>>> print(open('my_file-v3.tsv').read())   # TSV, C-alpha atoms
chain	number	residue	atom	x	y	z
A	1267	MET	CA	-6.54	-34.73	44.97
A	1268	SER	CA	-9.13	-32.62	43.15
A	1269	SER	CA	-11.31	-33.90	40.29
A	1270	PRO	CA	-9.56	-31.82	37.58
A	1271	THR	CA	-6.19	-33.21	38.70
A	1272	LEU	CA	-7.61	-36.74	38.54
A	1273	TYR	CA	-8.82	-36.19	34.97
A	1274	GLY	CA	-5.48	-34.57	34.12
A	1275	LEU	CA	-3.65	-37.74	35.21
A	1276	CYS	CA	-6.20	-39.73	33.19
A	1277	GLY	CA	-5.33	-37.59	30.13
A	1278	ALA	CA	-1.60	-38.16	30.71
A	1279	VAL	CA	-2.12	-41.95	30.74
A	1280	LEU	CA	-4.30	-41.74	27.61
A	1281	VAL	CA	-1.52	-39.99	25.66
A	1282	GLY	CA	0.93	-42.75	26.66
A	1283	LEU	CA	-1.54	-45.52	25.79
A	1284	GLY	CA	-2.32	-44.00	22.41
A	1285	LEU	CA	1.37	-43.50	21.64
A	1286	PHE	CA	2.03	-47.16	22.49
A	1287	GLY	CA	-0.75	-48.30	20.15
A	1288	LEU	CA	0.54	-45.99	17.40
A	1289	ILE	CA	4.02	-47.55	17.63
A	1290	VAL	CA	3.26	-51.26	18.04
A	1291	HIS	CA	0.12	-51.86	15.96
A	1292	PRO	CA	1.03	-52.94	12.42
A	1293	GLN	CA	-2.50	-52.32	11.04
A	1294	PRO	CA	-2.85	-48.72	9.79
A	1295	LEU	CA	-6.49	-48.54	10.94
A	1296	ARG	CA	-5.39	-49.41	14.50
A	1297	LYS	CA	-2.76	-46.68	14.26
A	1298	ILE	CA	-5.48	-44.18	13.30
A	1299	VAL	CA	-7.60	-45.25	16.30
A	1300	ALA	CA	-4.54	-44.97	18.58
A	1301	PHE	CA	-3.80	-41.52	17.18
A	1302	ASN	CA	-7.32	-40.41	18.08
A	1303	LEU	CA	-6.73	-41.74	21.60
A	1304	ILE	CA	-3.66	-39.49	21.89
A	1305	GLY	CA	-5.85	-36.62	20.73
A	1306	GLY	CA	-8.44	-37.45	23.40
A	1307	GLY	CA	-5.72	-37.31	26.06
A	1308	VAL	CA	-4.31	-33.99	24.83
A	1309	PHE	CA	-7.79	-32.43	24.69
A	1310	LEU	CA	-8.46	-33.68	28.22
A	1311	LEU	CA	-5.30	-31.91	29.44
A	1312	PHE	CA	-6.67	-28.73	27.84
A	1313	GLY	CA	-9.98	-29.34	29.59
A	1314	VAL	CA	-8.22	-29.58	32.94
A	1315	VAL	CA	-6.39	-26.30	32.32
A	1316	ALA	CA	-9.76	-24.75	31.39
A	1317	ARG	CA	-11.49	-26.13	34.51
A	1318	ARG	CA	-8.73	-24.87	36.79
A	1319	GLY	CA	-9.15	-21.43	35.22
A	1320	ALA	CA	-12.78	-21.18	36.37
A	1321	ALA	CA	-13.41	-17.51	37.21
A	1322	ALA	CA	-15.80	-14.62	36.67
A	1323	GLY	CA	-18.83	-16.88	37.12
A	1324	PHE	CA	-17.80	-19.31	34.35
A	1325	GLY	CA	-17.31	-23.00	35.17
A	1326	GLY	CA	-14.10	-22.99	33.16
A	1327	ASP	CA	-11.89	-20.74	31.07
A	1328	PRO	CA	-13.80	-20.52	27.75
A	1329	VAL	CA	-10.65	-19.89	25.67
A	1330	PRO	CA	-9.09	-23.39	26.00
A	1331	GLN	CA	-12.59	-24.88	25.73
A	1332	ALA	CA	-13.08	-23.18	22.36
A	1333	LEU	CA	-9.61	-24.37	21.28
A	1334	VAL	CA	-10.63	-27.96	22.08
A	1335	ILE	CA	-13.76	-27.62	19.91
A	1336	THR	CA	-11.56	-26.38	17.06
A	1337	GLY	CA	-9.15	-29.24	17.73
A	1338	LEU	CA	-11.86	-31.91	17.68
A	1339	VAL	CA	-13.09	-30.77	14.27
A	1340	VAL	CA	-9.57	-30.62	12.82
A	1341	ALA	CA	-8.76	-34.07	14.30
A	1342	PHE	CA	-11.83	-35.44	12.53
A	1343	ALA	CA	-10.74	-33.89	9.22
A	1344	ALA	CA	-7.27	-35.43	9.61
A	1345	THR	CA	-8.80	-38.82	10.47
A	1346	ALA	CA	-11.04	-38.69	7.40
A	1347	LEU	CA	-8.06	-37.89	5.17
A	1348	ALA	CA	-5.99	-40.71	6.74
A	1349	VAL	CA	-8.84	-43.20	6.22
A	1350	ALA	CA	-9.23	-42.11	2.58
A	1351	LEU	CA	-5.48	-42.54	1.97
A	1352	LEU	CA	-5.59	-45.98	3.58
A	1353	LEU	CA	-8.59	-47.12	1.49
A	1354	ARG	CA	-6.91	-45.87	-1.69
A	1355	LEU	CA	-3.77	-47.83	-0.76
A	1356	PHE	CA	-5.94	-50.91	-0.26
A	1357	HIS	CA	-7.74	-50.47	-3.60
A	1358	GLU	CA	-4.44	-49.93	-5.44
A	1359	THR	CA	-2.47	-52.81	-3.92
A	1360	GLY	CA	-5.11	-55.11	-2.41
A	1361	ARG	CA	-3.24	-54.85	0.88
A	1362	ALA	CA	-3.31	-52.45	3.79
A	1363	THR	CA	0.18	-52.46	5.18
A	1364	LEU	CA	2.83	-49.84	5.77
A	1365	ARG	CA	5.70	-52.28	5.13
A	1366	SER	CA	8.02	-50.76	2.54
A	1367	ASP	CA	9.22	-54.00	0.92
A	1368	GLY	CA	5.79	-54.88	-0.52
B	159	MET	CA	-15.34	-37.43	43.79
B	160	ALA	CA	-16.33	-41.12	43.87
B	161	PHE	CA	-18.19	-40.60	40.59
B	162	ASP	CA	-15.15	-38.90	39.04
B	163	THR	CA	-12.83	-41.70	40.16
B	164	GLY	CA	-15.17	-44.34	38.74
B	165	LEU	CA	-15.53	-42.44	35.46
B	166	ALA	CA	-11.75	-41.98	35.12
B	167	VAL	CA	-11.18	-45.70	35.75
B	168	LEU	CA	-13.86	-46.57	33.19
B	169	VAL	CA	-12.34	-44.22	30.58
B	170	LEU	CA	-8.90	-45.76	31.11
B	171	GLY	CA	-10.34	-49.29	31.03
B	172	VAL	CA	-12.07	-48.69	27.69
B	173	ALA	CA	-8.90	-47.01	26.36
B	174	VAL	CA	-6.79	-50.05	27.33
B	175	TRP	CA	-9.38	-52.27	25.62
B	176	THR	CA	-9.24	-50.11	22.48
B	177	ILE	CA	-5.45	-50.52	22.28
B	178	THR	CA	-5.13	-54.17	23.33
B	179	ALA	CA	-8.21	-55.75	21.70
B	180	ARG	CA	-7.17	-58.48	19.26
B	181	ASP	CA	-9.98	-57.67	16.84
B	182	THR	CA	-10.01	-54.31	15.01
B	183	PHE	CA	-13.82	-54.20	15.05
B	184	ALA	CA	-13.78	-54.53	18.85
B	185	ALA	CA	-11.18	-51.74	19.02
B	186	VAL	CA	-13.35	-49.40	16.92
B	187	VAL	CA	-16.44	-50.13	19.02
B	188	GLY	CA	-14.28	-49.50	22.09
B	189	PHE	CA	-13.26	-46.16	20.62
B	190	VAL	CA	-16.90	-45.10	20.15
B	191	ALA	CA	-17.63	-46.00	23.80
B	192	PHE	CA	-14.47	-44.13	24.80
B	193	GLY	CA	-15.74	-41.00	23.03
B	194	LEU	CA	-19.11	-41.15	24.78
B	195	LEU	CA	-17.45	-41.61	28.19
B	196	LEU	CA	-15.15	-38.70	27.38
B	197	ALA	CA	-18.25	-36.58	26.67
B	198	LEU	CA	-19.35	-37.34	30.26
B	199	VAL	CA	-15.92	-36.23	31.49
B	200	TRP	CA	-16.39	-32.93	29.64
B	201	VAL	CA	-19.68	-32.39	31.45
B	202	ARG	CA	-17.86	-33.04	34.75
B	203	LEU	CA	-15.23	-30.47	33.71
B	204	ALA	CA	-18.00	-27.86	33.24
B	205	ALA	CA	-17.55	-27.80	29.44
B	206	PRO	CA	-20.96	-28.74	27.99
B	207	ASP	CA	-20.11	-27.21	24.60
B	208	VAL	CA	-17.10	-29.52	24.30
B	209	ALA	CA	-19.19	-32.47	25.54
B	210	LEU	CA	-21.66	-31.96	22.67
B	211	THR	CA	-18.83	-31.72	20.14
B	212	GLU	CA	-17.08	-34.80	21.55
B	213	ALA	CA	-20.24	-36.91	21.46
B	214	ALA	CA	-21.16	-35.76	17.94
B	215	ILE	CA	-17.79	-35.60	16.16
B	216	GLY	CA	-15.23	-37.33	18.37
B	217	SER	CA	-17.39	-40.38	19.01
B	218	GLY	CA	-20.26	-40.43	16.52
B	219	VAL	CA	-19.01	-39.32	13.12
B	220	THR	CA	-15.41	-40.52	13.66
B	221	GLY	CA	-16.76	-43.88	14.86
B	222	GLY	CA	-18.96	-44.21	11.78
B	223	LEU	CA	-16.02	-43.37	9.54
B	224	LEU	CA	-13.77	-45.96	11.22
B	225	LEU	CA	-16.47	-48.66	11.11
B	226	GLY	CA	-16.97	-47.99	7.41
B	227	ALA	CA	-13.22	-48.30	6.80
B	228	HIS	CA	-13.13	-51.53	8.80
B	229	THR	CA	-15.75	-53.21	6.58
B	230	HIS	CA	-13.48	-52.54	3.55
B	231	LEU	CA	-10.29	-53.69	5.26
B	232	ARG	CA	-11.62	-56.70	7.18
B	233	ARG	CA	-9.83	-59.26	5.00
B	234	THR	CA	-6.43	-57.57	5.37
B	235	GLU	CA	-6.44	-57.53	9.17
B	236	THR	CA	-5.16	-61.05	9.83
B	237	ALA	CA	-2.29	-60.65	7.34
B	238	ALA	CA	-1.24	-57.33	8.88
B	239	ALA	CA	-1.50	-58.68	12.44
B	240	GLY	CA	1.42	-61.04	11.59
B	241	GLU	CA	3.69	-58.00	11.27
B	242	LEU	CA	3.57	-57.26	15.00
B	243	PRO	CA	6.99	-55.99	16.11
B	244	GLY	CA	9.17	-58.17	18.35
B	245	ALA	CA	8.99	-58.31	22.14
B	246	ALA	CA	12.10	-56.13	22.60
B	247	LEU	CA	10.68	-53.30	20.49
B	248	ARG	CA	7.32	-53.54	22.24
B	249	LEU	CA	9.02	-53.35	25.63
B	250	ALA	CA	11.07	-50.33	24.50
B	251	ALA	CA	7.88	-48.65	23.22
B	252	ALA	CA	6.10	-49.38	26.52
B	253	VAL	CA	8.96	-47.82	28.53
B	254	LEU	CA	9.05	-44.76	26.27
B	255	CYS	CA	5.28	-44.27	26.48
B	256	ALA	CA	5.28	-44.73	30.25
B	257	MET	CA	7.92	-41.99	30.45
B	258	VAL	CA	5.80	-39.66	28.28
B	259	SER	CA	2.79	-40.32	30.53
B	260	ALA	CA	4.88	-39.78	33.67
B	261	GLY	CA	6.20	-36.49	32.31
B	262	LEU	CA	2.70	-35.25	31.48
B	263	ALA	CA	1.43	-36.43	34.90
B	264	ALA	CA	4.22	-34.46	36.58
B	265	ILE	CA	3.19	-31.35	34.63
B	266	VAL	CA	-0.44	-31.84	35.71
B	267	LEU	CA	0.62	-32.14	39.36
B	268	LEU	CA	2.93	-29.11	39.13
B	269	LEU	CA	0.49	-26.73	37.40
B	270	PRO	CA	0.80	-23.22	38.86
B	271	GLU	CA	-1.50	-21.97	41.63
B	272	PRO	CA	-3.57	-19.88	41.13
B	273	ALA	CA	-4.29	-21.11	37.63
B	274	PRO	CA	-3.85	-18.53	34.85
B	275	THR	CA	-7.16	-17.75	33.18
B	276	LEU	CA	-8.64	-15.52	30.51
B	277	ALA	CA	-12.18	-15.94	31.88
B	278	PRO	CA	-12.35	-12.43	33.45
B	279	GLN	CA	-11.37	-10.81	30.13
B	280	VAL	CA	-14.03	-12.85	28.34
B	281	ALA	CA	-16.60	-11.85	30.96
B	282	ALA	CA	-15.61	-8.17	30.73
B	283	ASN	CA	-16.05	-8.03	26.95
B	284	ILE	CA	-18.88	-10.46	26.27
B	285	ALA	CA	-21.51	-7.70	26.34
B	286	THR	CA	-19.98	-6.06	23.23
B	287	THR	CA	-20.56	-9.23	21.17
B	288	GLY	CA	-24.26	-9.49	22.08
B	289	LEU	CA	-23.75	-13.21	22.80
B	290	GLY	CA	-24.53	-15.06	26.03
B	291	ASN	CA	-22.42	-18.19	25.52
B	292	PRO	CA	-18.76	-17.42	26.31
B	293	VAL	CA	-17.46	-20.32	24.20
B	294	THR	CA	-19.34	-19.07	21.12
B	295	ALA	CA	-18.02	-15.58	21.84
B	296	VAL	CA	-14.45	-16.93	21.83
B	297	LEU	CA	-15.03	-18.95	18.65
B	298	MET	CA	-16.79	-16.19	16.70
B	299	ALA	CA	-15.28	-12.99	18.11
B	300	TYR	CA	-12.06	-13.09	20.19
B	301	ARG	CA	-10.46	-16.02	18.35
B	302	ALA	CA	-12.48	-15.79	15.12
B	303	VAL	CA	-9.30	-16.13	13.04
B	304	ASP	CA	-8.81	-19.67	14.47
B	305	THR	CA	-12.34	-20.60	13.48
B	306	LEU	CA	-11.89	-19.12	9.99
B	307	LEU	CA	-8.68	-21.08	9.44
B	308	GLU	CA	-10.30	-24.23	10.82
B	309	THR	CA	-13.06	-24.10	8.20
B	310	VAL	CA	-10.32	-23.71	5.58
B	311	VAL	CA	-8.57	-26.80	7.02
B	312	LEU	CA	-11.83	-28.76	6.60
B	313	LEU	CA	-12.00	-27.72	2.94
B	314	LEU	CA	-8.34	-28.65	2.39
B	315	ALA	CA	-8.95	-32.09	3.89
B	316	LEU	CA	-11.91	-32.53	1.54
B	317	LEU	CA	-9.77	-31.49	-1.45
B	318	GLY	CA	-7.17	-34.04	-0.33
B	319	ILE	CA	-9.80	-36.78	-0.20
B	320	TRP	CA	-11.32	-35.85	-3.56
B	321	SER	CA	-7.90	-35.87	-5.21
B	322	LEU	CA	-7.56	-39.56	-4.27
B	323	ALA	CA	-10.24	-40.42	-6.84
B	324	PRO	CA	-9.03	-42.43	-9.86
B	325	ASP	CA	-9.08	-40.41	-13.12
B	326	ARG	CA	-12.04	-42.22	-14.67
B	327	VAL	CA	-14.44	-41.24	-11.86
B	328	TRP	CA	-13.09	-37.73	-11.30
B	329	GLY	CA	-15.95	-35.35	-10.62
B	330	GLY	CA	-18.31	-38.26	-10.01
B	331	PHE	CA	-20.45	-39.43	-7.11
B	332	PRO	CA	-18.66	-39.91	-3.78
B	333	GLY	CA	-18.78	-43.34	-2.15
B	334	PRO	CA	-20.92	-46.33	-3.07
B	335	HIS	CA	-24.66	-46.03	-3.62
B	336	HIS	CA	-26.55	-47.57	-0.74
B	337	ASP	CA	-29.80	-49.46	-1.06
B	338	ALA	CA	-31.72	-50.58	1.98
B	339	ASP	CA	-34.95	-52.54	2.14
B	340	PRO	CA	-37.62	-49.79	1.76
B	341	GLN	CA	-39.79	-51.69	4.27
B	342	GLY	CA	-36.82	-52.35	6.59
B	343	VAL	CA	-36.18	-51.13	10.10
B	344	LEU	CA	-33.22	-48.92	9.06
B	345	THR	CA	-35.30	-47.11	6.43
B	346	PHE	CA	-38.09	-46.62	8.95
B	347	ALA	CA	-35.60	-45.30	11.51
B	348	ALA	CA	-34.15	-42.90	8.94
B	349	GLN	CA	-37.60	-41.61	7.94
B	350	LEU	CA	-38.48	-41.11	11.60
B	351	LEU	CA	-35.16	-39.72	12.87
B	352	VAL	CA	-34.02	-37.43	10.08
B	353	PRO	CA	-36.78	-34.76	10.40
B	354	VAL	CA	-36.40	-34.78	14.20
B	355	GLY	CA	-32.62	-34.65	13.90
B	356	ILE	CA	-32.75	-31.67	11.54
B	357	LEU	CA	-34.95	-29.83	14.06
B	358	VAL	CA	-32.53	-30.70	16.87
B	359	GLY	CA	-29.64	-29.45	14.72
B	360	VAL	CA	-31.39	-26.13	14.02
B	361	HIS	CA	-32.22	-25.80	17.73
B	362	ILE	CA	-28.61	-26.49	18.80
B	363	PHE	CA	-27.46	-23.88	16.29
B	364	TRP	CA	-29.94	-21.26	17.47
B	365	VAL	CA	-29.40	-21.66	21.23
B	366	GLY	CA	-25.62	-21.65	20.66
B	367	SER	CA	-25.53	-17.86	21.06
B	368	VAL	CA	-26.77	-18.02	24.67
B	369	ALA	CA	-26.47	-21.67	25.83
B	370	PRO	CA	-24.27	-24.71	25.12
B	371	GLY	CA	-24.40	-25.43	21.40
B	372	GLY	CA	-23.24	-23.69	18.27
B	373	GLU	CA	-22.41	-24.07	14.63
B	374	PHE	CA	-20.00	-27.02	14.86
B	375	GLN	CA	-22.31	-29.19	16.97
B	376	ALA	CA	-25.31	-28.26	14.82
B	377	ALA	CA	-23.38	-28.89	11.59
B	378	THR	CA	-22.32	-32.34	12.83
B	379	ILE	CA	-25.91	-33.28	13.67
B	380	LEU	CA	-27.12	-32.07	10.27
B	381	ALA	CA	-24.31	-33.99	8.55
B	382	ALA	CA	-25.16	-37.14	10.56
B	383	MET	CA	-28.81	-36.88	9.46
B	384	TRP	CA	-27.72	-36.62	5.84
B	385	ILE	CA	-25.40	-39.63	6.28
B	386	LEU	CA	-28.26	-41.65	7.81
B	387	ALA	CA	-30.58	-40.77	4.91
B	388	ALA	CA	-27.81	-41.65	2.43
B	389	MET	CA	-27.17	-45.00	4.14
B	390	VAL	CA	-30.67	-46.19	3.33
B	391	GLY	CA	-30.64	-44.71	-0.17
B	392	LEU	CA	-33.20	-41.97	0.51
B	393	VAL	CA	-30.71	-39.40	-0.80
B	394	ASP	CA	-27.53	-39.73	-2.82
B	395	ALA	CA	-24.48	-37.49	-2.72
B	396	PRO	CA	-24.33	-35.16	-5.74
B	397	PRO	CA	-21.35	-35.48	-8.13
B	398	VAL	CA	-18.50	-33.48	-6.67
B	399	SER	CA	-18.18	-31.48	-9.91
B	400	ARG	CA	-21.58	-29.78	-9.39
B	401	ARG	CA	-21.19	-26.02	-9.20
B	402	TRP	CA	-23.93	-25.51	-6.56
B	403	LEU	CA	-22.21	-28.04	-4.32
B	404	ARG	CA	-18.88	-26.23	-4.57
B	405	ILE	CA	-20.61	-22.90	-3.85
B	406	LEU	CA	-22.29	-24.45	-0.81
B	407	LEU	CA	-18.92	-25.72	0.45
B	408	VAL	CA	-17.08	-22.41	0.17
B	409	ALA	CA	-20.01	-20.08	1.03
B	410	GLY	CA	-19.40	-20.19	4.80
B	411	PRO	CA	-15.66	-19.51	4.77
B	412	ALA	CA	-16.14	-16.93	1.95
B	413	VAL	CA	-18.78	-14.94	3.90
B	414	PHE	CA	-16.62	-15.23	7.03
B	415	PHE	CA	-13.58	-13.89	5.16
B	416	ALA	CA	-15.57	-11.10	3.47
B	417	ILE	CA	-17.01	-9.87	6.79
B	418	GLY	CA	-13.53	-10.20	8.28
B	419	LEU	CA	-12.13	-7.90	5.58
B	420	ALA	CA	-15.05	-5.50	6.01
B	421	GLY	CA	-13.90	-5.27	9.65
B	422	PHE	CA	-11.02	-3.06	8.44
B	423	ALA	CA	-13.52	-0.46	7.24
B	424	MET	CA	-16.13	-0.88	9.99
B	425	ALA	CA	-14.00	-1.30	13.11
B	426	GLY	CA	-10.36	-0.88	12.08
B	427	ALA	CA	-9.12	-4.48	12.19
B	428	PHE	CA	-9.47	-7.84	10.45
B	429	LEU	CA	-12.47	-9.73	11.88
B	430	ALA	CA	-13.40	-6.83	14.16
B	431	TYR	CA	-17.12	-6.18	14.51
B	432	PRO	CA	-18.60	-2.76	15.34
B	433	PRO	CA	-20.33	-3.43	18.72
B	434	PRO	CA	-23.92	-2.41	17.79
B	435	TYR	CA	-23.92	-4.87	14.85
B	436	ALA	CA	-21.73	-7.60	16.37
B	437	LYS	CA	-24.47	-10.16	16.95
B	438	LEU	CA	-26.08	-9.50	13.56
B	439	LEU	CA	-22.72	-9.94	11.78
B	440	ILE	CA	-21.91	-13.08	13.78
B	441	LEU	CA	-25.27	-14.61	12.82
B	442	THR	CA	-24.71	-13.61	9.19
B	443	ILE	CA	-21.46	-15.58	9.31
B	444	GLU	CA	-22.81	-18.50	11.32
B	445	ILE	CA	-25.77	-19.43	9.11
B	446	PRO	CA	-23.84	-20.08	5.85
B	447	LEU	CA	-20.92	-21.40	7.93
B	448	THR	CA	-23.11	-24.06	9.56
B	449	LEU	CA	-24.42	-25.21	6.17
B	450	SER	CA	-20.91	-25.28	4.67
B	451	ILE	CA	-19.46	-27.22	7.62
B	452	ALA	CA	-22.36	-29.70	7.54
B	453	ALA	CA	-21.84	-30.33	3.81
B	454	THR	CA	-18.06	-30.63	4.26
B	455	LEU	CA	-18.36	-33.09	7.17
B	456	ALA	CA	-20.88	-35.24	5.27
B	457	LEU	CA	-18.62	-35.34	2.20
B	458	LEU	CA	-15.54	-36.10	4.32
B	459	VAL	CA	-17.37	-39.21	5.53
B	460	ALA	CA	-18.65	-40.08	2.03
B	461	GLY	CA	-15.06	-40.29	0.76
B	462	PRO	CA	-13.57	-39.77	-2.70
B	463	PRO	CA	-15.68	-40.10	-5.87
B	464	GLU	CA	-16.20	-43.78	-6.76
B	465	ARG	CA	-18.86	-43.62	-9.51
B	466	ALA	CA	-18.44	-41.74	-12.78
B	467	PRO	CA	-20.80	-38.79	-13.33
B	468	GLN	CA	-23.63	-39.52	-15.80
B	469	ARG	CA	-23.15	-37.75	-19.08
>>> encode(input="my_file-v3.tsv", output="structure tokens")
Amino acid sequence: MSSPTLYGLCGAVLVGLGLFGLIVHPQPLRKIVAFNLIGGGVFLLFGVVARRGAAAGFGGDPVPQALVITGLVVAFAATALAVALLLRLFHETGRATLRSDG
Amino acid sequence: MAFDTGLAVLVLGVAVWTITARDTFAAVVGFVAFGLLLALVWVRLAAPDVALTEAAIGSGVTGGLLLGAHTHLRRTETAAAGELPGAALRLAAAVLCAMVSAGLAAIVLLLPEPAPTLAPQVAANIATTGLGNPVTAVLMAYRAVDTLLETVVLLLALLGIWSLAPDRVWGGFPGPHHDADPQGVLTFAAQLLVPVGILVGVHIFWVGSVAPGGEFQAATILAAMWILAAMVGLVDAPPVSRRWLRILLVAGPAVFFAIGLAGFAMAGAFLAYPPPYAKLLILTIEIPLTLSIAATLALLVAGPPERAPQR
């Protein structure tokens, strides 16, 4: 098995792990962390596609690499917005829970 | 190969820790370590530009943001932990997630040979952009519209965060004011690191046209230096209603958009650059864009206004 394939399998497991955390963790902050783990896995899959596309003297296909850079920045913006929503919820209600009966 | 296997196992181990840790603080620290390990993976995948971005944004700034949120929410964690779903639901979730992972793993193993790639097209056209770094060429020339929209997404996220401010502090100072001991270690570290960090940021920006680096990595480093200085009270965020601040935030995307529109006249398409001036135009976009992204990232971390503006 080649190194890119190994990291690709690693990315596949990361997506599953993150998804599991997103579903089972009741704390919203843990869900946000888990969501970022899913993102890490998806980006890694992109990285593997890029590495496999190494050609023309480049170590990897620069197009998916650039997409990952864009994705990382957008993921950060989404995380910042999620954290701000969560903190506002906490300041409004004194609790940080997604339970609807509160 | 042995190194890659060890690194993959380590990444997965830290990821499992991040998900299963009982304590949220431990999970966030695990996530920061995960990001740094992932940056190493990016180096192994021959993507140094992504490695820099991952270390700076994915691990550093995101980690700081999550740690800050954790200090606010610490008291709520034990109450929320009692809402853990039952064993049956957890088992169902585990089975579902294992199936998702298995499906993705199958796709990885069945990827077509030879792998499709756009690298030869990038190599064939890179000379017309005047750039030496293929990733920067993709970001600023071939897929410039993605980059333009991404900067708009950053601004939209910031607008979303600002609009969470209560009415009485609208237009005020974002986040709490920090005061650190002026003789303390953190203040000393900030005074020592910030000037060096700003130089590193400018360097990463400048070499980005020919070597790994670029505006996003540089902007993150500049934003991190501002955050460090703000943490010890050396600087304070301006009220979000300040006109110069708003101009700074939109300057990058506005210049980008204007040069994109000028592309219709100069080269016949949106965001097309006439080859002799390509590098000059790209630099003209990148300089305000770096400053705008740095300011946006710093304010995204600072959060919504919390203190009323002084009248």
>>> interface_residues(input="my_file-v3.tsv", of="chain A", to="chain B", cutoff="6 Å", atoms="all atoms listed in the file", output="mmCIF file with C-alpha atoms, keeping the file's coordinate frame")
data_model
loop_
_atom_site.group_PDB
_atom_site.id
_atom_site.type_symbol
_atom_site.label_atom_id
_atom_site.label_comp_id
_atom_site.auth_asym_id
_atom_site.auth_seq_id
_atom_site.Cartn_x
_atom_site.Cartn_y
_atom_site.Cartn_z
ATOM 1 C CA GLY A 1274 -5.480 -34.570 34.120
ATOM 2 C CA LEU A 1275 -3.650 -37.740 35.210
ATOM 3 C CA ALA A 1278 -1.600 -38.160 30.710
ATOM 4 C CA VAL A 1279 -2.120 -41.950 30.740
ATOM 5 C CA GLY A 1282 0.930 -42.750 26.660
ATOM 6 C CA PHE A 1286 2.030 -47.160 22.490
ATOM 7 C CA GLY A 1287 -0.750 -48.300 20.150
ATOM 8 C CA PRO A 1292 1.030 -52.940 12.420
ATOM 9 C CA GLN A 1293 -2.500 -52.320 11.040
ATOM 10 C CA ARG A 1317 -11.490 -26.130 34.510
ATOM 11 C CA ARG A 1318 -8.730 -24.870 36.790
ATOM 12 C CA GLY A 1319 -9.150 -21.430 35.220
ATOM 13 C CA ALA A 1321 -13.410 -17.510 37.210
ATOM 14 C CA ALA A 1322 -15.800 -14.620 36.670
ATOM 15 C CA GLY A 1325 -17.310 -23.000 35.170
ATOM 16 C CA ASP A 1327 -11.890 -20.740 31.070
ATOM 17 C CA PRO A 1328 -13.800 -20.520 27.750
ATOM 18 C CA ALA A 1332 -13.080 -23.180 22.360
ATOM 19 C CA ILE A 1335 -13.760 -27.620 19.910
ATOM 20 C CA ALA A 1343 -10.740 -33.890 9.220
ATOM 21 C CA LEU A 1347 -8.060 -37.890 5.170
#
>>> residues_near_point(input="my_file-v3.tsv", point="(-10.1, -25.9, 26.1)", cutoff="6 Å", atoms="only C-alpha atoms", output="list in words")
Phe1312, Gly1313, Ala1316, Pro1330, Gln1331, Ala1332, Leu1333 and Val1334 of chain A
>>> write_last_selection(input="my_file-v3.tsv", atoms="C-alpha atoms", output="mmCIF file, in the frame of the given file")
data_model
loop_
_atom_site.group_PDB
_atom_site.id
_atom_site.type_symbol
_atom_site.label_atom_id
_atom_site.label_comp_id
_atom_site.auth_asym_id
_atom_site.auth_seq_id
_atom_site.Cartn_x
_atom_site.Cartn_y
_atom_site.Cartn_z
ATOM 1 C CA PHE A 1312 -6.670 -28.730 27.840
ATOM 2 C CA GLY A 1313 -9.980 -29.340 29.590
ATOM 3 C CA ALA A 1316 -9.760 -24.750 31.390
ATOM 4 C CA PRO A 1330 -9.090 -23.390 26.000
ATOM 5 C CA GLN A 1331 -12.590 -24.880 25.730
ATOM 6 C CA ALA A 1332 -13.080 -23.180 22.360
ATOM 7 C CA LEU A 1333 -9.610 -24.370 21.280
ATOM 8 C CA VAL A 1334 -10.630 -27.960 22.080
#
>>> residues_around(input="my_file-v3.tsv", residues="segment 424-438 of chain B", least_positions_apart="6", cutoff="6 Å", atoms="all atoms listed in the file", output="tab-separated table (two decimals) with C-alpha atoms, in the frame of the given file")
chain	number	residue	atom	x	y	z
B	286	THR	CA	-19.98	-6.06	23.23
B	287	THR	CA	-20.56	-9.23	21.17
B	288	GLY	CA	-24.26	-9.49	22.08
B	418	GLY	CA	-13.53	-10.20	8.28
>>> atom_distance(input="my_file-v3.tsv", atom1="atom CA of Leu1303 of chain A", atom2="atom CA of Gly355 of chain B")
27.9 Å
>>> atom_distance(input="my_file-v3.tsv", atom1="atom CA of Arg1296 of chain A", atom2="atom CA of Val1340 of chain A")
19.3 Å
>>> atom_distance(input="my_file-v3.tsv", atom1="atom CA of Ala184 of chain B", atom2="atom CA of Ala1300 of chain A")
13.3 Å
>>> closest_residue(input="my_file-v3.tsv", among="A:Lys1297, A:Val1315, A:Gly1277, A:Asn1302", to="Ala1344 of chain A", atoms="all atoms listed in the file")
A:Asn1302
>>> residues_around(input="my_file-v3.tsv", residues="segment 358-360 of chain B", least_positions_apart="6", cutoff="10 Å", atoms="all atoms listed in the file", output="list in words")
Val352, Gly366, Gly371, Gly372, Glu373, Phe374, Gln375, Ala376, Ala377, Thr378, Ile379, Leu380, Ala381, Ala382, Met383 and Thr448 of chain B
>>> write_last_selection(input="my_file-v3.tsv", atoms="C-alpha atoms", output="CSV table (one decimal), keeping the file's coordinate frame")
chain,number,residue,atom,x,y,z
B,352,VAL,CA,-34.0,-37.4,10.1
B,366,GLY,CA,-25.6,-21.6,20.7
B,371,GLY,CA,-24.4,-25.4,21.4
B,372,GLY,CA,-23.2,-23.7,18.3
B,373,GLU,CA,-22.4,-24.1,14.6
B,374,PHE,CA,-20.0,-27.0,14.9
B,375,GLN,CA,-22.3,-29.2,17.0
B,376,ALA,CA,-25.3,-28.3,14.8
B,377,ALA,CA,-23.4,-28.9,11.6
B,378,THR,CA,-22.3,-32.3,12.8
B,379,ILE,CA,-25.9,-33.3,13.7
B,380,LEU,CA,-27.1,-32.1,10.3
B,381,ALA,CA,-24.3,-34.0,8.6
B,382,ALA,CA,-25.2,-37.1,10.6
B,383,MET,CA,-28.8,-36.9,9.5
B,448,THR,CA,-23.1,-24.1,9.6
